[in-house]
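The data block below is final_11.txt; it holds compact mmCIF, C-alpha atoms.
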# COMPACT_ATOMS: atom_id res chain seq x y z
CA MET A 155 133.53 104.40 95.92
CA ASP A 156 131.33 105.63 98.77
CA ILE A 157 128.02 103.88 99.52
CA ASN A 158 126.55 107.39 99.93
CA ASN A 159 127.75 108.66 96.56
CA PRO A 160 124.80 110.51 94.91
CA LEU A 161 125.94 109.15 91.52
CA ILE A 162 124.36 105.85 92.60
CA ILE A 163 120.95 107.50 92.27
CA LEU A 164 121.74 108.54 88.70
CA ILE A 165 123.13 105.12 87.80
CA PHE A 166 120.10 103.26 89.15
CA SER A 167 117.74 105.67 87.40
CA MET A 168 119.43 105.12 84.04
CA VAL A 169 119.47 101.35 84.58
CA ALA A 170 115.77 101.35 85.49
CA LEU A 171 114.73 103.42 82.45
CA THR A 172 116.80 101.27 80.11
CA THR A 173 115.46 98.05 81.62
CA VAL A 174 111.81 99.06 81.41
CA SER A 175 112.29 100.13 77.78
CA ILE A 176 113.80 96.78 76.82
CA THR A 177 111.12 94.85 78.72
CA HIS A 178 108.45 96.89 76.97
CA LYS A 179 109.85 95.98 73.57
CA LEU A 180 109.74 92.30 74.51
CA SER A 181 106.28 92.48 76.06
CA PRO A 182 104.45 95.70 75.06
CA ILE A 183 101.68 97.40 77.02
CA SER A 184 99.60 100.40 75.97
CA LEU A 185 99.79 103.72 77.78
CA ASP A 186 96.48 105.47 78.39
CA ASP A 187 96.62 109.25 77.89
CA SER A 188 92.92 109.95 78.41
CA GLY A 189 92.28 112.02 81.52
CA ARG A 190 95.77 111.35 82.88
CA ASN A 191 98.27 113.80 84.30
CA ILE A 192 101.31 112.58 82.37
CA THR A 193 103.87 114.31 84.58
CA ILE A 194 102.41 112.56 87.64
CA ASP A 195 102.59 109.23 85.80
CA GLY A 196 106.28 109.84 85.12
CA LEU A 197 106.94 110.98 88.67
CA ARG A 198 105.50 107.87 90.32
CA GLY A 199 108.06 105.51 88.85
CA PHE A 200 110.99 107.57 90.09
CA LEU A 201 109.47 107.78 93.56
CA ALA A 202 109.22 103.99 93.81
CA LEU A 203 112.75 103.64 92.45
CA PHE A 204 114.05 106.10 95.04
CA VAL A 205 112.41 104.04 97.80
CA PHE A 206 114.34 101.02 96.47
CA ILE A 207 117.60 103.02 96.48
CA HIS A 208 116.81 104.25 100.00
CA HIS A 209 116.37 100.67 101.24
CA SER A 210 119.44 99.44 99.37
CA ASN A 211 121.44 101.93 101.41
CA ILE A 212 119.74 100.81 104.64
CA TRP A 213 120.51 97.17 103.84
CA TYR A 214 124.23 97.87 103.51
CA ALA A 215 124.40 98.96 107.14
CA PHE A 216 121.86 96.32 108.23
CA LEU A 217 124.03 93.51 106.86
CA HIS A 218 126.99 94.73 108.90
CA ASN A 219 125.41 95.66 112.23
CA ASN A 220 121.96 93.97 112.22
CA VAL A 221 120.27 97.27 113.05
CA TRP A 222 117.46 98.45 110.78
CA LYS A 223 117.58 102.24 110.80
CA LEU A 224 117.50 105.22 108.51
CA PRO A 225 120.72 106.03 106.63
CA ASP A 226 123.02 108.48 108.39
CA ASN A 227 123.49 110.26 105.08
CA ALA A 228 120.79 112.93 104.59
CA VAL A 229 120.45 112.40 100.82
CA PHE A 230 119.80 108.66 101.02
CA ALA A 231 117.53 109.09 104.03
CA ASN A 232 115.47 111.82 102.42
CA ILE A 233 114.99 110.34 98.96
CA GLY A 234 112.93 107.67 100.71
CA LYS A 235 111.04 110.02 103.01
CA THR A 236 110.19 112.57 100.34
CA SER A 237 109.08 109.81 97.96
CA VAL A 238 106.58 108.45 100.49
CA ALA A 239 105.37 111.98 101.20
CA MET A 240 104.77 112.57 97.49
CA PHE A 241 102.97 109.24 97.16
CA PHE A 242 100.49 110.50 99.75
CA MET A 243 100.23 113.81 97.88
CA ILE A 244 99.46 111.96 94.66
CA THR A 245 96.66 110.04 96.36
CA GLY A 246 95.17 113.23 97.77
CA TYR A 247 95.54 115.00 94.44
CA LEU A 248 93.88 112.26 92.38
CA PHE A 249 90.93 111.49 94.62
CA TYR A 250 90.13 115.03 95.65
CA GLY A 251 90.23 115.93 91.97
CA LYS A 252 87.66 113.20 91.28
CA ILE A 253 85.42 114.49 94.05
CA ARG A 254 85.63 118.06 92.79
CA LYS A 255 84.78 117.14 89.21
CA SER A 256 82.17 114.42 89.81
CA LYS A 257 78.47 115.09 90.05
CA GLU A 258 77.90 111.57 91.27
CA ILE A 259 80.09 108.99 92.97
CA ASN A 260 79.46 105.28 93.02
CA TRP A 261 80.91 104.57 96.44
CA ASN A 262 80.50 100.82 96.15
CA GLN A 263 82.35 100.89 92.85
CA LEU A 264 85.09 103.11 94.27
CA TYR A 265 85.80 100.85 97.23
CA ILE A 266 85.65 97.64 95.21
CA SER A 267 88.05 99.10 92.64
CA ARG A 268 90.40 100.22 95.40
CA PHE A 269 90.35 96.74 96.92
CA PHE A 270 91.33 95.12 93.63
CA ARG A 271 93.94 97.82 93.05
CA LEU A 272 95.74 97.31 96.36
CA TYR A 273 95.08 93.85 97.73
CA PRO A 274 95.82 91.18 95.06
CA LEU A 275 99.49 92.08 94.69
CA TYR A 276 99.79 92.72 98.42
CA PHE A 277 98.31 89.27 99.11
CA LEU A 278 100.86 87.71 96.77
CA ILE A 279 103.77 89.53 98.41
CA ILE A 280 102.69 88.47 101.90
CA CYS A 281 102.40 84.87 100.69
CA VAL A 282 105.95 85.15 99.35
CA MET A 283 107.04 86.59 102.69
CA LEU A 284 105.46 83.66 104.56
CA VAL A 285 107.24 81.16 102.30
CA ILE A 286 110.55 82.94 102.91
CA ALA A 287 109.90 82.91 106.66
CA GLY A 288 109.12 79.19 106.48
CA ILE A 289 112.34 78.44 104.60
CA GLN A 290 114.42 80.56 106.97
CA THR A 291 112.97 78.74 110.00
CA ASN A 292 113.26 75.30 108.35
CA TRP A 293 109.47 74.93 108.36
CA THR A 294 109.67 74.11 112.05
CA PRO A 295 106.92 75.73 114.18
CA VAL A 296 108.23 77.41 117.32
CA THR A 297 104.78 77.71 118.86
CA TYR A 298 101.21 76.40 118.56
CA PHE A 299 99.46 76.77 115.22
CA SER A 300 96.86 79.12 116.72
CA ASN A 301 99.64 81.41 117.94
CA LEU A 302 101.24 81.41 114.49
CA MET A 303 97.99 82.56 112.92
CA VAL A 304 97.82 85.78 114.94
CA PRO A 305 100.86 87.45 113.31
CA VAL A 306 99.80 86.03 109.91
CA TYR A 307 96.40 87.68 110.31
CA LYS A 308 98.08 90.98 111.21
CA TRP A 309 100.16 90.88 108.06
CA PHE A 310 97.19 90.07 105.83
CA SER A 311 95.27 92.99 107.36
CA LEU A 312 97.65 95.44 105.63
CA SER A 313 99.74 95.61 108.82
CA ALA A 314 97.02 97.71 110.46
CA TYR A 315 97.69 95.81 113.71
CA GLY A 316 101.45 95.75 113.43
CA SER A 317 104.12 93.82 111.54
CA PRO A 318 105.16 91.03 113.91
CA ASN A 319 107.84 88.39 113.40
CA ILE A 320 106.65 85.16 111.79
CA ASN A 321 107.50 81.87 113.52
CA GLY A 322 110.21 83.56 115.54
CA LEU A 323 112.10 84.85 112.48
CA ARG A 324 113.96 87.91 113.64
CA ASP A 325 113.32 91.07 111.63
CA THR A 326 110.58 89.50 109.48
CA LEU A 327 109.69 93.08 108.55
CA SER A 328 112.97 93.35 106.62
CA ILE A 329 111.65 90.81 104.06
CA VAL A 330 109.39 93.56 102.70
CA SER A 331 111.80 96.37 103.69
CA GLY A 332 109.11 97.70 106.01
CA VAL A 333 107.04 99.36 103.25
CA THR A 334 103.59 98.03 104.16
CA TRP A 335 102.86 100.69 106.81
CA THR A 336 101.93 103.25 104.16
CA LEU A 337 98.99 101.16 102.93
CA VAL A 338 97.16 101.66 106.22
CA TYR A 339 97.22 105.42 105.63
CA GLU A 340 95.94 104.90 102.10
CA VAL A 341 92.99 102.83 103.33
CA PHE A 342 92.07 105.36 106.02
CA PHE A 343 92.25 108.08 103.39
CA TYR A 344 89.83 106.23 101.12
CA LEU A 345 87.47 105.79 104.05
CA SER A 346 87.64 109.53 104.79
CA LEU A 347 86.37 110.53 101.34
CA PRO A 348 82.63 110.57 102.18
CA LEU A 349 83.37 113.07 104.95
CA VAL A 350 85.48 115.09 102.53
CA CYS A 351 82.42 115.21 100.26
CA VAL A 352 80.29 116.49 103.13
CA ILE A 353 82.87 119.16 104.03
CA THR A 354 82.94 120.34 100.43
CA GLY A 355 79.15 120.66 100.41
CA LYS A 356 78.17 117.57 98.46
CA LYS A 357 75.32 115.33 99.49
CA THR A 358 76.47 111.89 100.53
CA PRO A 359 74.44 108.81 101.56
CA VAL A 360 74.13 108.59 105.33
CA ILE A 361 75.52 105.06 105.46
CA TYR A 362 78.81 106.18 103.95
CA ILE A 363 78.99 109.19 106.24
CA LEU A 364 78.62 106.87 109.23
CA ILE A 365 81.24 104.46 107.87
CA SER A 366 83.61 107.35 107.20
CA LEU A 367 83.01 108.87 110.64
CA SER A 368 83.67 105.52 112.31
CA ALA A 369 86.89 105.12 110.30
CA MET A 370 88.09 108.57 111.34
CA ILE A 371 87.42 107.78 115.01
CA ALA A 372 89.43 104.57 114.56
CA PHE A 373 92.20 106.55 112.87
CA TYR A 374 92.25 109.03 115.74
CA LEU A 375 92.54 106.21 118.29
CA HIS A 376 95.09 104.27 116.24
CA PRO A 377 98.76 104.97 117.13
CA LEU A 378 99.50 106.17 113.61
CA ASN A 379 101.48 109.36 113.05
CA LYS A 380 98.80 111.92 112.22
CA ILE A 381 101.29 114.31 110.61
CA TYR A 382 100.99 112.41 107.33
CA ILE A 383 97.53 113.94 106.89
CA ILE A 384 99.34 117.11 105.83
CA PHE A 385 100.68 115.42 102.71
CA PHE A 386 97.22 114.33 101.58
CA VAL A 387 96.04 117.90 102.14
CA ILE A 388 98.89 119.22 100.00
CA GLY A 389 97.52 116.95 97.29
CA PHE A 390 94.12 118.64 97.74
CA ILE A 391 95.75 122.04 97.35
CA ALA A 392 97.58 120.91 94.21
CA SER A 393 94.25 119.83 92.74
CA TYR A 394 92.97 123.39 93.16
CA LEU A 395 96.08 125.21 91.98
CA LYS A 396 97.09 123.14 88.96
CA ASP A 397 94.60 124.83 86.61
CA ILE A 398 95.74 128.38 87.33
CA LYS A 399 96.91 129.66 83.95
CA LEU A 400 99.84 131.67 85.32
CA LEU A 401 101.11 128.64 87.23
CA MET A 402 100.66 126.38 84.21
CA SER A 403 102.59 128.82 82.03
CA PHE A 404 105.48 128.95 84.49
CA ALA A 405 105.46 125.15 84.92
CA ASP A 406 106.03 124.80 81.18
CA THR A 407 109.31 126.73 81.27
CA LYS A 408 112.92 125.59 81.69
CA ALA A 409 113.15 128.00 84.62
CA CYS A 410 110.58 125.90 86.49
CA SER A 411 112.57 122.72 85.86
CA ILE A 412 115.70 124.46 87.16
CA LEU A 413 113.80 125.71 90.22
CA ILE A 414 112.45 122.23 91.03
CA SER A 415 115.93 120.73 90.67
CA ILE A 416 117.43 123.30 93.05
CA ILE A 417 114.62 122.90 95.59
CA TYR A 418 114.89 119.10 95.49
CA ILE A 419 118.66 119.17 96.03
CA ILE A 420 118.17 121.50 99.00
CA LEU A 421 115.33 119.34 100.32
CA ILE A 422 117.19 116.03 100.33
CA SER A 423 120.60 117.33 101.37
CA ASN A 424 119.89 119.94 104.05
CA PHE A 425 117.08 118.53 106.18
CA HIS A 426 117.02 115.64 108.64
CA GLY A 427 113.43 114.66 107.99
CA ILE A 428 110.23 115.47 106.18
CA TYR A 429 108.34 116.60 109.27
CA GLU A 430 109.85 120.08 109.52
CA TRP A 431 107.54 122.74 108.13
CA GLN A 432 110.28 123.99 105.79
CA SER A 433 110.76 120.55 104.23
CA MET A 434 106.99 120.06 103.91
CA LEU A 435 106.71 123.42 102.17
CA LEU A 436 109.53 122.66 99.73
CA CYS A 437 108.15 119.21 99.01
CA GLY A 438 104.70 120.71 98.43
CA VAL A 439 106.06 123.37 96.05
CA ILE A 440 107.79 120.69 93.96
CA PHE A 441 104.65 118.59 93.82
CA ILE A 442 102.34 121.47 92.90
CA LEU A 443 104.63 122.58 90.08
CA ILE A 444 104.81 119.03 88.70
CA CYS A 445 101.02 118.69 88.93
CA SER A 446 100.75 121.95 86.99
CA GLY A 447 102.71 120.45 84.12
CA CYS A 448 106.42 120.77 84.84
CA ASP A 449 108.11 117.74 83.30
CA ILE A 450 111.63 118.51 84.66
CA PHE A 451 113.44 119.02 81.35
CA GLY A 452 111.09 116.56 79.65
CA ILE A 453 112.20 113.61 81.79
CA LEU A 454 108.77 112.91 83.31
CA LYS A 455 107.12 112.74 79.89
CA ILE A 456 109.45 110.30 78.20
CA LYS A 457 107.90 106.93 77.47
CA SER A 458 110.28 104.93 79.68
CA ALA A 459 109.48 107.14 82.69
CA ARG A 460 105.75 106.62 82.15
CA LEU A 461 106.25 102.87 81.75
CA LEU A 462 108.19 102.86 85.00
CA GLY A 463 105.27 104.74 86.52
CA GLU A 464 102.89 101.94 85.55
CA ALA A 465 105.02 99.49 87.54
CA THR A 466 105.20 101.76 90.61
CA TYR A 467 103.18 99.63 93.02
CA SER A 468 105.01 96.45 92.02
CA ILE A 469 108.40 98.12 92.43
CA TYR A 470 107.30 99.39 95.83
CA LEU A 471 106.19 95.95 97.10
CA LEU A 472 108.60 93.65 95.27
CA HIS A 473 111.94 95.28 96.01
CA GLY A 474 111.97 94.13 99.64
CA PRO A 475 111.65 90.40 98.94
CA LEU A 476 114.16 90.60 96.08
CA ILE A 477 116.75 92.31 98.29
CA TYR A 478 116.13 89.83 101.12
CA ILE A 479 116.37 86.76 98.88
CA THR A 480 119.61 88.06 97.38
CA PHE A 481 121.36 89.09 100.57
CA ARG A 482 119.96 86.69 103.18
CA MET A 483 119.27 83.53 101.18
CA MET A 484 121.63 83.54 98.19
CA LEU A 485 124.72 85.38 99.42
CA ASP A 486 124.13 85.14 103.17
CA ASN A 487 127.19 86.06 105.27
CA SER A 488 129.55 86.36 102.29
CA ILE A 489 128.00 89.73 101.39
CA LYS A 490 129.73 91.25 104.43
CA ASN A 491 133.08 90.73 102.73
CA PHE A 492 132.05 92.48 99.52
CA SER A 493 133.47 95.88 98.67
CA ILE A 494 131.18 98.85 98.16
CA VAL A 495 131.70 98.59 94.40
CA GLU A 496 130.71 94.90 94.45
CA TYR A 497 127.70 95.64 96.66
CA THR A 498 126.60 98.41 94.28
CA MET A 499 126.97 96.09 91.30
CA ILE A 500 124.75 93.49 92.99
CA CYS A 501 122.15 96.15 93.76
CA THR A 502 122.29 97.22 90.12
CA LEU A 503 121.51 93.65 89.06
CA ILE A 504 118.67 93.57 91.59
CA CYS A 505 117.40 96.80 90.00
CA VAL A 506 117.31 95.14 86.58
CA VAL A 507 115.42 92.11 87.89
CA LEU A 508 113.12 94.31 89.97
CA VAL A 509 112.08 96.60 87.12
CA SER A 510 111.58 93.71 84.68
CA LEU A 511 109.60 91.64 87.15
CA SER A 512 107.55 94.65 88.31
CA TYR A 513 106.66 95.48 84.71
CA LEU A 514 105.42 91.92 84.22
CA THR A 515 103.50 91.76 87.50
CA PHE A 516 101.79 95.00 86.53
CA LYS A 517 100.87 93.58 83.14
CA TYR A 518 99.72 90.15 84.29
CA ILE A 519 98.51 90.73 87.87
CA GLU A 520 97.86 94.39 88.64
CA SER A 521 96.28 95.43 85.36
CA PRO A 522 93.86 92.47 85.10
CA MET A 523 92.79 92.97 88.72
CA ILE A 524 92.32 96.71 88.16
CA ASN A 525 90.14 96.01 85.13
CA PHE A 526 88.17 93.40 87.03
CA GLY A 527 87.55 95.87 89.86
CA LYS A 528 86.28 98.42 87.35
CA SER A 529 84.01 95.83 85.71
CA VAL A 530 82.03 95.17 88.90
CA ARG A 531 78.84 97.23 88.66
CA PHE A 532 76.74 98.67 91.44
CA GLN A 533 73.81 101.04 91.60
CA LYS A 534 75.12 104.59 91.77
CA THR A 535 74.93 106.70 94.90
CA ILE A 536 74.38 110.35 94.06
CA VAL A 537 76.66 113.12 95.24
CA GLU A 538 75.45 116.60 94.38
CA LYS A 539 76.77 120.07 94.96

Please rewrite the model in this file as C-alpha cells.
Amino acid sequence: MDINNPLIILIFSMVALTTVSITHKLSPISLDDSGRNITIDGLRGFLALFVFIHHSNIWYAFLHNNVWKLPDNAVFANIGKTSVAMFFMITGYLFYGKIRKSKEINWNQLYISRFFRLYPLYFLIICVMLVIAGIQTNWTPVTYFSNLMVPVYKWFSLSAYGSPNINGLRDTLSIVSGVTWTLVYEVFFYLSLPLVCVITGKKTPVIYILISLSAMIAFYLHPLNKIYIIFFVIGFIASYLKDIKLLMSFADTKACSILISIIYIILISNFHGIYEWQSMLLCGVIFILICSGCDIFGILKIKSARLLGEATYSIYLLHGPLIYITFRMMLDNSIKNFSIVEYTMICTLICVVLVSLSYLTFKYIESPMINFGKSVRFQKTIVEK
C-alpha cells in the first residue's frame, strides 16, 4: 500500500462518518436547521477531516526525516490547502451575508460571541501543548522564567506574533500540526467588518470604524500573506450569487454534483498550490455551487456529515496533539519501523478517537461557550442602509 493512495481519503471519511454516528447515539445533540445553510454545515466537517488527513501524510515523512514540509504528492498537499481556502470562504460567506441582511448590528455582541467561539477551546489546546512541551523537556527550564513567558504569550495571542519553540523543544509547532496560523486571519477579518459595512453604504459607529481602520493598518504591516484575502472575497461573492434562481436550480441537479466532483479531482491532482488563479477559480466555483444548494449526491445533507460539521473546530485543533501524543510520546522511535499499512491503521484509530473526542468537546466545551457568548447583552449599535 502507498502512503499517497487516494483510497485513504475515502477510508478515513467512512470511518469518521461512522464514528460520529455512533458517538451521537451514545450522547445525542440536536441539529439546528433554522437559518442554516445545511450544505455548508456538511461541508465543514469534511474540510476539517481533510486537514487531518493532510497532516497525517506530512507526519509520515516528518517521522522519517525530521523535516516538516508539504507532501510531495499533489493530492495530499492540496486537500489541506483547498480545505483552508474554503474555511476562509465560509467565514466570508457567513458574515457578509449577515451584514447584507441586517438592519442593525450589535458590534459588542458580535465580538464577544466571536471571542467565546474561538478562544476557550484554543486556550485549552495551548494548555495541552504546554503540558506536552513540559513532559518532553522533563519539566526542566532551559532559560529564565521571564524568557519562557515570551513564547508562551505569543502562543496565547493566537500565534499573531509567531509560533516559537517552548523551553527549547524542537518543532513545538508540530504539537498542533501548525494549524493556529489561520486564526490570525479570522480575527483580522472580524475586525475588518465595520469597514466592510462602510464600503457597502451602511452607517457604522465611528469608534468601530477607527478600530477597524487600525486593524487593517496592522494587517497591512504584519508579514501575513495577503493573498488569503481573495478567499474571503469569494465568500462575499457566494453570498450574492447563492440566491440566483437559475444557479439554485442547477445546484439541485445530479449534473452539478458530477461537475463539482470532476472539478475537485482536477483541482487537487493537477495543481501545485492554491495560489494560482486557475486553482482559486476552480475552488471558488465549487464553493459557490455548494452554497447555492449542491449537496454532492446528498452526502453533505446526511445527518452524520452535519454532525461532523458541528465538531469542525475541535477536529481542526485537536488532531495535532493527538497525532503528536501517539507518534512522539506513545510509539516514539518504533513508529519508524512500521509498514505503511500499520501506519495507516494507527492513523485510522487516531481518526476514531479524534472524531469521538471532538464531538464531545463540541458538546461540552464549544457549545456551552457559544451559548454563553450569545447570552451576553449589550446596547445595540445601529447599522442602516

Any chance you could tabulate, as JSON lines, the residues of segment 434-524 of chain A at most 9 Å from segment 401-413 of chain A with each one's nearest atom pair and distance in Å to one decimal, using all atoms listed in the file, in chain and rising number order?
{"residue": "A:Ile440", "atom": "CA", "partner": "A:Leu413", "partner_atom": "CA", "distance": 8.7}
{"residue": "A:Leu443", "atom": "CA", "partner": "A:Ala405", "partner_atom": "CA", "distance": 5.8}
{"residue": "A:Ile444", "atom": "CA", "partner": "A:Ala405", "partner_atom": "CA", "distance": 7.2}
{"residue": "A:Cys445", "atom": "CA", "partner": "A:Ala405", "partner_atom": "CA", "distance": 8.8}
{"residue": "A:Ser446", "atom": "CA", "partner": "A:Met402", "partner_atom": "CA", "distance": 5.2}
{"residue": "A:Gly447", "atom": "CA", "partner": "A:Ala405", "partner_atom": "CA", "distance": 5.5}
{"residue": "A:Cys448", "atom": "CA", "partner": "A:Ala405", "partner_atom": "CA", "distance": 4.5}
{"residue": "A:Asp449", "atom": "CA", "partner": "A:Ser411", "partner_atom": "CA", "distance": 7.2}
{"residue": "A:Ile450", "atom": "CA", "partner": "A:Ser411", "partner_atom": "CA", "distance": 4.5}
{"residue": "A:Phe451", "atom": "CA", "partner": "A:Ser411", "partner_atom": "CA", "distance": 5.9}
{"residue": "A:Gly452", "atom": "CA", "partner": "A:Ser411", "partner_atom": "CA", "distance": 8.9}

Grab the residues selected above and save them as a PDB file, in the coordinates of the input with C-alpha atoms.
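So the final result, stored in selection_27.pdb, reads:
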ATOM      1  CA  ILE A 440     107.790 120.690  93.960  1.00  0.00           C
ATOM      2  CA  LEU A 443     104.630 122.580  90.080  1.00  0.00           C
ATOM      3  CA  ILE A 444     104.810 119.030  88.700  1.00  0.00           C
ATOM      4  CA  CYS A 445     101.020 118.690  88.930  1.00  0.00           C
ATOM      5  CA  SER A 446     100.750 121.950  86.990  1.00  0.00           C
ATOM      6  CA  GLY A 447     102.710 120.450  84.120  1.00  0.00           C
ATOM      7  CA  CYS A 448     106.420 120.770  84.840  1.00  0.00           C
ATOM      8  CA  ASP A 449     108.110 117.740  83.300  1.00  0.00           C
ATOM      9  CA  ILE A 450     111.630 118.510  84.660  1.00  0.00           C
ATOM     10  CA  PHE A 451     113.440 119.020  81.350  1.00  0.00           C
ATOM     11  CA  GLY A 452     111.090 116.560  79.650  1.00  0.00           C
TER      12      GLY A 452
END

Might you pull out every residue within 9 Å of His208 of chain A, with only C-alpha atoms counted and same-chain residues fewer than 2 positions away left off, and present them as a list in words? Leu203, Phe204, Val205, Phe206, Ser210, Asn211, Ile212, Trp213, Leu224, Pro225, Val229, Phe230, Ala231, Asn232, Ile233, Gly234 and Lys235 of chain A

Output file for the residues above (C-alpha atoms, as a PDB file, keeping the file's coordinate frame):
ATOM      1  CA  LEU A 203     112.750 103.640  92.450  1.00  0.00           C
ATOM      2  CA  PHE A 204     114.050 106.100  95.040  1.00  0.00           C
ATOM      3  CA  VAL A 205     112.410 104.040  97.800  1.00  0.00           C
ATOM      4  CA  PHE A 206     114.340 101.020  96.470  1.00  0.00           C
ATOM      5  CA  SER A 210     119.440  99.440  99.370  1.00  0.00           C
ATOM      6  CA  ASN A 211     121.440 101.930 101.410  1.00  0.00           C
ATOM      7  CA  ILE A 212     119.740 100.810 104.640  1.00  0.00           C
ATOM      8  CA  TRP A 213     120.510  97.170 103.840  1.00  0.00           C
ATOM      9  CA  LEU A 224     117.500 105.220 108.510  1.00  0.00           C
ATOM     10  CA  PRO A 225     120.720 106.030 106.630  1.00  0.00           C
ATOM     11  CA  VAL A 229     120.450 112.400 100.820  1.00  0.00           C
ATOM     12  CA  PHE A 230     119.800 108.660 101.020  1.00  0.00           C
ATOM     13  CA  ALA A 231     117.530 109.090 104.030  1.00  0.00           C
ATOM     14  CA  ASN A 232     115.470 111.820 102.420  1.00  0.00           C
ATOM     15  CA  ILE A 233     114.990 110.340  98.960  1.00  0.00           C
ATOM     16  CA  GLY A 234     112.930 107.670 100.710  1.00  0.00           C
ATOM     17  CA  LYS A 235     111.040 110.020 103.010  1.00  0.00           C
TER      18      LYS A 235
END

Is there a way to get, as a PyMOL selection string, all residues within 8 Å of the point (91.5, 88.6, 101.9) in file coordinates, counting only C-alpha atoms? chain A and resi 273+277+310-311

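Here the residues that fall within 10 Å of (108.9, 88.2, 111.5), using all atoms listed in the file, are given as Met283, Leu284, Ala287, Pro305, Val306, Trp309, Ser317, Pro318, Asn319, Ile320, Asn321, Gly322, Leu323, Arg324, Asp325, Thr326, Leu327, Ser328 and Ile329 of chain A.
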
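Of the residues under consideration (A:Phe425, A:Ile286, A:Met303, A:Ile524), A:Ile524 shows the shortest atom-to-atom contact distance to Tyr265 of chain A when counting only C-alpha atoms.
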
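Distance annotation: of A:Ile422, A:Ile500, A:Ile163, A:Ile383, the residue with the minimal separation from Thr245 of chain A is A:Ile383; atom set is all atoms listed in the file.
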
Show me, as a ChimeraX atom specification, the residues that have an atom within 10 Å of Ser529 of chain A when counting only C-alpha atoms, minus same-chain residues fewer than 3 positions from it. /A:263,266-267,523-526,532

Save out the residues we just selected, C-alpha atoms, as a short mmCIF file (atom, residue, chain, number, x, y, z; two decimals), in the frame of the given file.
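Result saved to result_12.cif:
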data_model
loop_
_atom_site.label_atom_id
_atom_site.label_comp_id
_atom_site.auth_asym_id
_atom_site.auth_seq_id
_atom_site.Cartn_x
_atom_site.Cartn_y
_atom_site.Cartn_z
CA GLN A 263 82.35 100.89 92.85
CA ILE A 266 85.65 97.64 95.21
CA SER A 267 88.05 99.10 92.64
CA MET A 523 92.79 92.97 88.72
CA ILE A 524 92.32 96.71 88.16
CA ASN A 525 90.14 96.01 85.13
CA PHE A 526 88.17 93.40 87.03
CA PHE A 532 76.74 98.67 91.44
#

Just to confirm, what's the straight-line distance from atom CA of Ser313 of chain A to atom CA of Ile371 of chain A in Å (one decimal)? 18.4 Å

Quick one: residues within 8 Å of Gly196 of chain A, all atoms listed in the file, excluding same-chain residues fewer than 3 positions away - as a count of residues only? 13

List the spatial neighbours of Ser458 of chain A as a list in words - criterion: any atom at most 7 Å away, all atoms listed in the file, same-chain residues fewer than 5 positions off excluded. Leu171, Val174 and Ser175 of chain A

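Closest approach to Tyr214 of chain A among A:Phe481, A:Tyr518, A:Phe386, A:Phe270 is made by A:Phe481 (distances from only C-alpha atoms).
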
Need to verify the contact set: segment 344-356 of chain A, 10 Å, all atoms listed in the file, exclusion of same-chain residues closer than 4 positions in sequence. Can you return it as number ranges by chain? A: 245-246, 249-250, 253-254, 257-259, 261, 264-265, 268, 339-340, 360-370, 373, 536-539

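Reported to one decimal place, the separation of atom CA of Leu201 of chain A from atom CA of Phe241 of chain A is 7.6 Å.
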
Gap from atom CA of Ser512 of chain A to atom CA of Ile280 of chain A - Å, one decimal: 15.7 Å
